[in-house]
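J.: Structure provided below as structure tokens; questions to follow.
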Amino acid sequence: MNLPIYPIRKEKAENLIVKVYENRKTMGRAAAVDVISKMKELLQVKDIIRMIFASAPSQNEFLETLRRAPDIDWSRVTVFHMDEYIGLSAEAPQRFSRFLTDQLFDIVKPGTIHLIDSSNEVTKECERYSQLLREAPVDIVCLGIGENGHIAFNDPPVADFADSQSIKAVKLDEISRQQQVNDGCFSTLEDVPTHALTLTIPALMAGSFLYCIVPGETKRDAVQATLHNPISTENPATILRRHANCVLYLDEDAYGSE
């Protein structure tokens with residue numbers, strides 16, 4: 001499981017390392033192998049490591065490999081997630097906290113789990129979660145890129161590279177909401193909540209090591225913008241090119257042809 005998986009293409013976009021794999025299964029496994037290696041490396045020198053996870057079907061193959069990894073002391077891992085809908089019931093299967101709990105946390109049992117409680121009053125919840133994030137540096141962020149170039153729910157209209165907040169309430173743009181339908185999470189656009197709590201771009205970029213996992217043809221335009229467009233909140237993921245330790249994992253469908 002921990003043997004290296006070699007990409008079919010590798011390049012750089014400024015600081016951003018880009019690895020392209022034949023299919024999304026191989027891509028997800030490769031990302032997980034790299035994250036597992038970094039976790040073990042950090043756990044040799046730190047008592048506790050802190051990680052942030054994305055919640056989306058794009059992460060499925062990555063999470064499948066990660067949760068099967070042997071010899072990780074998850075009791076020394078503190079975990080966060082990066083966004084949560086406002087207005088969904090606590091039992092709703094589409095809640096991002098539910099996704100990560102089912103797909104990872106209930107299986108590996110991290111020592112500390114910090115979930116965003118979007119049923120709480122928004123200002124109080126932002127203050128609570130911000131304080132938790134500020135308690136110590138974040139070591140690893142595992143994220144994706146949306147069809148509109150968002151990272152977490154920092155859609156172009158609300159993305160701010162210099163945001164003073166760590167987490168904030170945002171209105172979701174229609175592309176983001178439609179993506180949830182495209183991913184099979186909701187039946188219709190009307191079913192998708194209009195607002196969410198999201199970690200801000202500075203909160204994500206503060207992580208020491210970023211691993212960005214992006215499969216699928218529907219992400220191709222966002223990927224090409226991430227790699228080639230000017231760094232701008234018009235394409236929020238372009239900021240990843242400025243991070244000192246970020247790797248972007250793609251399958252051939254997401255990368256496309258030049």
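Note on naming: chains are A, B, ... as they come in the structure tokens, residues start from 1 per chain, ligands start from 1 in the order shown.
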As a ChimeraX atom specification, please: every residue in segment 23-217 of chain A that DSSP puts in strand (DSSP E or B).
T.: /A:49-53,77-81,83-85,112-114,140-143,151,154,167-171,195-199,209-214
J.: Give me the residues within 10 Å of His81 of chain A as JSON, numbers by chain, counting only C-alpha atoms and dropping any in the same chain fewer than 6 places off.
T.: {"A": [51, 52, 53, 54, 55, 96, 97, 100, 113, 114, 115, 116, 141, 142, 143, 152, 198, 199]}
J.: Do a neighbour search on Gln94 of chain A at 8 Å with only C-alpha atoms, toss out local chain neighbours closer than 2 positions, and write the hits as a list in words.
T.: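 Non-adjacent residues within range: Ala92, Phe96, Arg98, Phe99, Cys185 and Phe186 of chain A.
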J.: Nearest to Ala136 of chain A: which of A:Ala31, A:Ile49, A:Ala56, A:Met205 is it, counting only C-alpha atoms?
T.: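 Counting only C-alpha atoms, the residue closest to Ala136 of chain A is A:Ile49.
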J.: Mind checking which residues fall within 12 Å of Glu11 of chain A, counting only C-alpha atoms, ignoring those fewer than 4 positions away in the same chain, and posting them as number ranges by chain?
T.: A: 7, 15-20, 227, 247-250, 255
J.: Per DSSP on the backbone, what are the alpha helix (DSSP H) residues of segment 9-252 of chain A, as an MDAnalysis selection string?
T.: chainID A and resid 24:43 60:67 96:100 106:108 122:134 174:182 201:205 220:228 252
J.: Pick out the residues sitting within 12 Å of Gly256 of chain A, and hand them over as a PyMOL selection string; count only C-alpha atoms, and ignore anything fewer than 2 positions along from it in its own chain.
T.: chain A and resi 9+20-23+215-224+250-254+258
J.: Select, from A:Ser119, A:Ser37, A:Thr101, A:Thr78, the residue with the minimum atom-to-atom distance to Phe209 of chain A, counting only C-alpha atoms.
T.: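 Looking only at the distances to Phe209 of chain A, the closest residue turns out to be A:Ser37.
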J.: So that I can see what lies close to segment 63-69 of chain A, please list as an mmCIF file with N, CA and C atoms, in the first residue's frame the residues with an atom at most 7 Å from it, counting only C-alpha atoms and leaving out residues fewer than 3 positions away in the same chain.
T.:
```cif
data_model
loop_
_atom_site.group_PDB
_atom_site.id
_atom_site.type_symbol
_atom_site.label_atom_id
_atom_site.label_comp_id
_atom_site.auth_asym_id
_atom_site.auth_seq_id
_atom_site.Cartn_x
_atom_site.Cartn_y
_atom_site.Cartn_z
ATOM 1 N N ARG A 29 -5.133 6.730 -4.803
ATOM 2 C CA ARG A 29 -4.169 5.904 -4.062
ATOM 3 C C ARG A 29 -2.838 6.620 -3.928
ATOM 4 N N ALA A 32 -3.051 9.324 -1.327
ATOM 5 C CA ALA A 32 -3.099 8.746 0.017
ATOM 6 C C ALA A 32 -1.732 8.243 0.460
ATOM 7 N N ILE A 36 -0.035 9.539 3.784
ATOM 8 C CA ILE A 36 0.342 8.569 4.815
ATOM 9 C C ILE A 36 1.826 8.722 5.171
ATOM 10 N N GLN A 59 -13.043 12.880 -3.256
ATOM 11 C CA GLN A 59 -12.066 12.376 -2.289
ATOM 12 C C GLN A 59 -12.227 10.883 -1.995
ATOM 13 N N ASN A 60 -13.182 10.220 -2.623
ATOM 14 C CA ASN A 60 -13.528 8.850 -2.226
ATOM 15 C C ASN A 60 -12.352 7.886 -2.317
ATOM 16 N N ILE A 72 -0.656 3.779 11.515
ATOM 17 C CA ILE A 72 -0.798 5.203 11.814
ATOM 18 C C ILE A 72 -1.449 5.320 13.189
ATOM 19 N N GLN A 103 -17.017 8.112 6.260
ATOM 20 C CA GLN A 103 -15.967 7.657 5.347
ATOM 21 C C GLN A 103 -14.595 7.510 6.008
ATOM 22 N N LEU A 104 -14.395 8.202 7.142
ATOM 23 C CA LEU A 104 -13.051 8.181 7.731
ATOM 24 C C LEU A 104 -13.054 8.146 9.252
ATOM 25 N N ILE A 107 -14.010 5.165 11.332
ATOM 26 C CA ILE A 107 -13.192 3.982 11.019
ATOM 27 C C ILE A 107 -11.816 4.085 11.667
ATOM 28 N N VAL A 108 -11.157 5.241 11.506
ATOM 29 C CA VAL A 108 -9.790 5.364 12.022
ATOM 30 C C VAL A 108 -9.733 5.902 13.441
#
```
J.: For atom CA of Ser75 of chain A and atom CA of Pro110 of chain A, quote the distance in Å rounded to one decimal.
T.: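 Rounded to one decimal, the two atoms are 5.1 Å apart.
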J.: By how many Å are atom CA of Val79 of chain A and atom CA of Thr226 of chain A apart?
T.: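 Computed distance, atom CA of Val79 of chain A to atom CA of Thr226 of chain A, equals 26.7 Å.
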